[in-house]
Amino acid sequence: MKEFLAWLIGGCVVVGVAAFGSFHLYAYFSPKYEGVRRDTQIESRAYSEATVRELYRLKRQWEAADSEDAKATIAAAARHEFSIFPQDRLPADLKLWMTQIN
């Protein structure tokens, strides 16, 4: 009976150490994995096209806005989009608009 309890406790300790160790491995590698995923997403064609499309939509809304408050709100949203998108991949007209609203 004592031998069985020793094996049972030993097995529980091994499982506990393995679970605790896997948590620390996950905590160490997870930020690195997410950083690579984010970089890959930002470099993707789908992300670039969607962001440029969103910026053009904001530009059309800004041009159609009838009050300065509405233009300021749209410009703030556009500035945020511009801040997270690489400037070298922007079309020339969006770069011009970016300088206009800044």
# chains A, B, ... in the order shown; residues from 1 in each chain; ligands from 1
$ residues_around --residues "Pro91 in chain A" --least-positions-apart "6" --cutoff "12 Å" --atoms "only C-alpha atoms" --output "PyMOL selection string"
chain A and resi 48-49+51-53+55-56+82+85+97-98
$ write_last_selection --atoms "all heavy atoms" --output "compact mmCIF listing (two decimals), in the first residue's frame"
# COMPACT_ATOMS: atom_id res chain seq x y z
N SER A 48 -2.83 45.28 -46.37
CA SER A 48 -2.50 46.53 -47.06
C SER A 48 -3.69 47.04 -47.86
O SER A 48 -4.03 48.23 -47.79
CB SER A 48 -1.31 46.32 -47.99
OG SER A 48 -0.16 46.00 -47.26
N GLU A 49 -4.32 46.16 -48.62
CA GLU A 49 -5.46 46.58 -49.44
C GLU A 49 -6.62 47.04 -48.58
O GLU A 49 -7.27 48.05 -48.90
CB GLU A 49 -5.88 45.44 -50.36
CG GLU A 49 -4.90 45.17 -51.47
CD GLU A 49 -5.27 43.97 -52.32
OE1 GLU A 49 -6.27 43.30 -52.02
OE2 GLU A 49 -4.55 43.70 -53.29
N THR A 51 -6.52 48.30 -45.53
CA THR A 51 -6.21 49.57 -44.87
C THR A 51 -6.30 50.73 -45.86
O THR A 51 -6.85 51.79 -45.53
CB THR A 51 -4.81 49.52 -44.23
OG1 THR A 51 -4.78 48.43 -43.30
CG2 THR A 51 -4.50 50.80 -43.49
N VAL A 52 -5.77 50.54 -47.06
CA VAL A 52 -5.85 51.60 -48.07
C VAL A 52 -7.32 51.87 -48.42
O VAL A 52 -7.74 53.02 -48.55
CB VAL A 52 -5.02 51.23 -49.31
CG1 VAL A 52 -5.31 52.15 -50.47
CG2 VAL A 52 -3.53 51.27 -48.97
N ARG A 53 -8.11 50.80 -48.54
CA ARG A 53 -9.54 50.95 -48.83
C ARG A 53 -10.23 51.73 -47.71
O ARG A 53 -11.04 52.62 -47.97
CB ARG A 53 -10.17 49.58 -48.99
CG ARG A 53 -11.52 49.60 -49.62
CD ARG A 53 -12.09 48.21 -49.88
NE ARG A 53 -11.10 47.23 -50.33
CZ ARG A 53 -10.78 46.11 -49.64
NH1 ARG A 53 -11.38 45.84 -48.50
NH2 ARG A 53 -9.89 45.28 -50.11
N LEU A 55 -8.81 53.89 -45.66
CA LEU A 55 -8.35 55.28 -45.71
C LEU A 55 -9.06 56.05 -46.82
O LEU A 55 -9.42 57.22 -46.64
CB LEU A 55 -6.84 55.33 -45.89
CG LEU A 55 -6.04 54.97 -44.63
CD1 LEU A 55 -4.58 54.74 -44.97
CD2 LEU A 55 -6.20 56.05 -43.58
N TYR A 56 -9.28 55.42 -47.97
CA TYR A 56 -10.04 56.08 -49.03
C TYR A 56 -11.49 56.35 -48.59
O TYR A 56 -12.06 57.40 -48.89
CB TYR A 56 -10.04 55.26 -50.31
CG TYR A 56 -8.82 55.49 -51.17
CD1 TYR A 56 -7.98 54.45 -51.51
CD2 TYR A 56 -8.51 56.75 -51.66
CE1 TYR A 56 -6.86 54.65 -52.30
CE2 TYR A 56 -7.41 56.98 -52.43
CZ TYR A 56 -6.58 55.92 -52.76
OH TYR A 56 -5.47 56.14 -53.54
N PHE A 82 -3.33 56.05 -40.22
CA PHE A 82 -2.04 56.40 -40.81
C PHE A 82 -0.89 56.02 -39.87
O PHE A 82 0.18 55.64 -40.33
CB PHE A 82 -1.96 57.90 -41.12
CG PHE A 82 -2.67 58.30 -42.38
CD1 PHE A 82 -3.63 59.29 -42.36
CD2 PHE A 82 -2.37 57.71 -43.60
CE1 PHE A 82 -4.27 59.69 -43.52
CE2 PHE A 82 -3.00 58.10 -44.77
CZ PHE A 82 -3.96 59.09 -44.72
N PHE A 85 0.04 52.22 -40.17
CA PHE A 85 0.30 51.68 -41.50
C PHE A 85 1.62 52.23 -42.02
O PHE A 85 1.90 53.42 -41.86
CB PHE A 85 -0.85 52.06 -42.45
CG PHE A 85 -0.79 51.34 -43.76
CD1 PHE A 85 -1.11 50.01 -43.85
CD2 PHE A 85 -0.41 52.01 -44.91
CE1 PHE A 85 -1.07 49.33 -45.06
CE2 PHE A 85 -0.36 51.35 -46.13
CZ PHE A 85 -0.68 50.00 -46.19
N TRP A 97 -3.17 63.77 -48.61
CA TRP A 97 -4.26 63.98 -47.67
C TRP A 97 -3.78 63.88 -46.22
O TRP A 97 -4.21 64.61 -45.36
CB TRP A 97 -5.38 62.98 -47.95
CG TRP A 97 -6.58 63.21 -47.08
CD1 TRP A 97 -7.30 64.35 -46.93
CD2 TRP A 97 -7.19 62.24 -46.21
NE1 TRP A 97 -8.33 64.17 -46.04
CE2 TRP A 97 -8.29 62.87 -45.58
CE3 TRP A 97 -6.94 60.92 -45.92
CZ2 TRP A 97 -9.10 62.21 -44.67
CZ3 TRP A 97 -7.76 60.27 -45.02
CH2 TRP A 97 -8.83 60.91 -44.41
N MET A 98 -2.84 62.95 -45.98
CA MET A 98 -2.29 62.79 -44.63
C MET A 98 -1.61 64.09 -44.18
O MET A 98 -1.80 64.54 -43.05
CB MET A 98 -1.27 61.64 -44.60
CG MET A 98 -0.67 61.41 -43.24
SD MET A 98 0.52 60.07 -43.21
CE MET A 98 1.87 60.79 -44.14
$ residues_around --residues "range 62-75 of chain A" --least-positions-apart "2" --cutoff "10 Å" --atoms "only C-alpha atoms" --output "PyMOL selection string"
chain A and resi 56-60+77-81+97-98+100-102
$ write_last_selection --atoms "all heavy atoms" --output "short mmCIF file (atom, residue, chain, number, x, y, z; two decimals), in the first residue's frame"
data_model
loop_
_atom_site.label_atom_id
_atom_site.label_comp_id
_atom_site.auth_asym_id
_atom_site.auth_seq_id
_atom_site.Cartn_x
_atom_site.Cartn_y
_atom_site.Cartn_z
N TYR A 56 -9.28 55.42 -47.97
CA TYR A 56 -10.04 56.08 -49.03
C TYR A 56 -11.49 56.35 -48.59
O TYR A 56 -12.06 57.40 -48.89
CB TYR A 56 -10.04 55.26 -50.31
CG TYR A 56 -8.82 55.49 -51.17
CD1 TYR A 56 -7.98 54.45 -51.51
CD2 TYR A 56 -8.51 56.75 -51.66
CE1 TYR A 56 -6.86 54.65 -52.30
CE2 TYR A 56 -7.41 56.98 -52.43
CZ TYR A 56 -6.58 55.92 -52.76
OH TYR A 56 -5.47 56.14 -53.54
N ARG A 57 -12.07 55.40 -47.84
CA ARG A 57 -13.43 55.60 -47.33
C ARG A 57 -13.47 56.78 -46.38
O ARG A 57 -14.36 57.64 -46.46
CB ARG A 57 -13.92 54.33 -46.64
CG ARG A 57 -15.38 54.39 -46.20
CD ARG A 57 -15.78 53.15 -45.42
NE ARG A 57 -15.10 53.08 -44.14
CZ ARG A 57 -15.46 53.77 -43.06
NH1 ARG A 57 -16.47 54.60 -43.10
NH2 ARG A 57 -14.79 53.62 -41.92
N LEU A 58 -12.48 56.87 -45.51
CA LEU A 58 -12.42 58.01 -44.58
C LEU A 58 -12.20 59.32 -45.33
O LEU A 58 -12.78 60.35 -44.96
CB LEU A 58 -11.29 57.79 -43.56
CG LEU A 58 -11.56 56.73 -42.50
CD1 LEU A 58 -10.29 56.43 -41.71
CD2 LEU A 58 -12.68 57.15 -41.58
N LYS A 59 -11.40 59.28 -46.38
CA LYS A 59 -11.16 60.49 -47.16
C LYS A 59 -12.46 60.96 -47.82
O LYS A 59 -12.77 62.16 -47.81
CB LYS A 59 -10.09 60.22 -48.23
CG LYS A 59 -9.75 61.45 -49.05
CD LYS A 59 -8.68 61.12 -50.07
CE LYS A 59 -8.37 62.39 -50.85
NZ LYS A 59 -7.98 62.14 -52.20
N ARG A 60 -13.23 60.03 -48.39
CA ARG A 60 -14.52 60.41 -49.00
C ARG A 60 -15.47 60.99 -47.96
O ARG A 60 -16.15 61.98 -48.21
CB ARG A 60 -15.16 59.20 -49.69
CG ARG A 60 -14.54 58.85 -51.01
CD ARG A 60 -15.36 57.84 -51.78
NE ARG A 60 -15.70 56.66 -51.01
CZ ARG A 60 -14.94 55.56 -50.92
NH1 ARG A 60 -13.78 55.52 -51.54
NH2 ARG A 60 -15.32 54.53 -50.21
N ALA A 77 -9.71 59.73 -36.76
CA ALA A 77 -9.72 58.30 -37.12
C ALA A 77 -8.70 58.01 -38.21
O ALA A 77 -7.99 57.00 -38.17
CB ALA A 77 -11.12 57.88 -37.56
N ALA A 78 -8.59 58.90 -39.17
CA ALA A 78 -7.63 58.70 -40.26
C ALA A 78 -6.20 58.80 -39.74
O ALA A 78 -5.34 58.01 -40.16
CB ALA A 78 -7.87 59.73 -41.36
N ARG A 79 -5.94 59.73 -38.84
CA ARG A 79 -4.59 59.84 -38.28
C ARG A 79 -4.19 58.55 -37.56
O ARG A 79 -3.04 58.12 -37.62
CB ARG A 79 -4.49 61.04 -37.34
CG ARG A 79 -4.31 62.35 -38.07
CD ARG A 79 -3.93 63.48 -37.12
NE ARG A 79 -5.00 63.80 -36.18
CZ ARG A 79 -5.97 64.67 -36.43
NH1 ARG A 79 -6.01 65.32 -37.58
NH2 ARG A 79 -6.90 64.91 -35.52
N HIS A 80 -5.15 57.95 -36.87
CA HIS A 80 -4.87 56.68 -36.20
C HIS A 80 -4.52 55.60 -37.23
O HIS A 80 -3.56 54.85 -37.04
CB HIS A 80 -6.07 56.25 -35.36
CG HIS A 80 -5.90 54.89 -34.76
ND1 HIS A 80 -5.01 54.64 -33.74
CD2 HIS A 80 -6.46 53.70 -35.08
CE1 HIS A 80 -5.06 53.36 -33.44
NE2 HIS A 80 -5.93 52.77 -34.23
N GLU A 81 -5.29 55.50 -38.29
CA GLU A 81 -5.01 54.52 -39.35
C GLU A 81 -3.65 54.78 -39.98
O GLU A 81 -2.90 53.85 -40.25
CB GLU A 81 -6.10 54.54 -40.42
CG GLU A 81 -7.42 53.98 -39.97
CD GLU A 81 -7.40 52.48 -39.73
OE1 GLU A 81 -6.66 51.77 -40.44
OE2 GLU A 81 -8.11 52.03 -38.83
N TRP A 97 -3.17 63.77 -48.61
CA TRP A 97 -4.26 63.98 -47.67
C TRP A 97 -3.78 63.88 -46.22
O TRP A 97 -4.21 64.61 -45.36
CB TRP A 97 -5.38 62.98 -47.95
CG TRP A 97 -6.58 63.21 -47.08
CD1 TRP A 97 -7.30 64.35 -46.93
CD2 TRP A 97 -7.19 62.24 -46.21
NE1 TRP A 97 -8.33 64.17 -46.04
CE2 TRP A 97 -8.29 62.87 -45.58
CE3 TRP A 97 -6.94 60.92 -45.92
CZ2 TRP A 97 -9.10 62.21 -44.67
CZ3 TRP A 97 -7.76 60.27 -45.02
CH2 TRP A 97 -8.83 60.91 -44.41
N MET A 98 -2.84 62.95 -45.98
CA MET A 98 -2.29 62.79 -44.63
C MET A 98 -1.61 64.09 -44.18
O MET A 98 -1.80 64.54 -43.05
CB MET A 98 -1.27 61.64 -44.60
CG MET A 98 -0.67 61.41 -43.24
SD MET A 98 0.52 60.07 -43.21
CE MET A 98 1.87 60.79 -44.14
N GLN A 100 -2.33 66.97 -45.24
CA GLN A 100 -3.38 68.01 -45.16
C GLN A 100 -4.12 67.94 -43.83
O GLN A 100 -4.47 68.97 -43.27
CB GLN A 100 -4.36 67.80 -46.33
CG GLN A 100 -5.39 68.87 -46.45
CD GLN A 100 -6.30 68.62 -47.65
OE1 GLN A 100 -6.19 67.61 -48.33
NE2 GLN A 100 -7.20 69.54 -47.89
N ILE A 101 -4.35 66.75 -43.31
CA ILE A 101 -5.13 66.64 -42.06
C ILE A 101 -4.25 66.69 -40.82
O ILE A 101 -4.76 66.81 -39.71
CB ILE A 101 -6.00 65.36 -42.02
CG1 ILE A 101 -5.15 64.10 -42.05
CG2 ILE A 101 -7.02 65.39 -43.13
CD1 ILE A 101 -5.92 62.84 -41.84
N ASN A 102 -2.96 66.61 -40.98
CA ASN A 102 -2.07 66.67 -39.80
C ASN A 102 -1.81 68.07 -39.38
O ASN A 102 -1.98 69.05 -39.84
CB ASN A 102 -0.76 65.96 -40.06
CG ASN A 102 -0.92 64.47 -39.86
OD1 ASN A 102 -1.79 64.02 -39.14
ND2 ASN A 102 -0.09 63.72 -40.53
#
$ closest_residue --among "A:Ile42, A:Ala50, A:Val36, A:Ala27" --to "Pro86 in chain A" --atoms "only C-alpha atoms"
A:Ile42
$ atom_distance --atom1 "CA of Glu3 in chain A" --atom2 "CA of Gly21 in chain A"
26.6 Å
$ closest_residue --among "A:Arg89, A:Ser83, A:Cys12, A:Ala6" --to "Glu43 in chain A" --atoms "only C-alpha atoms"
A:Arg89
$ atom_distance --atom1 "CA of Val14 in chain A" --atom2 "CA of Ser30 in chain A"
23.6 Å
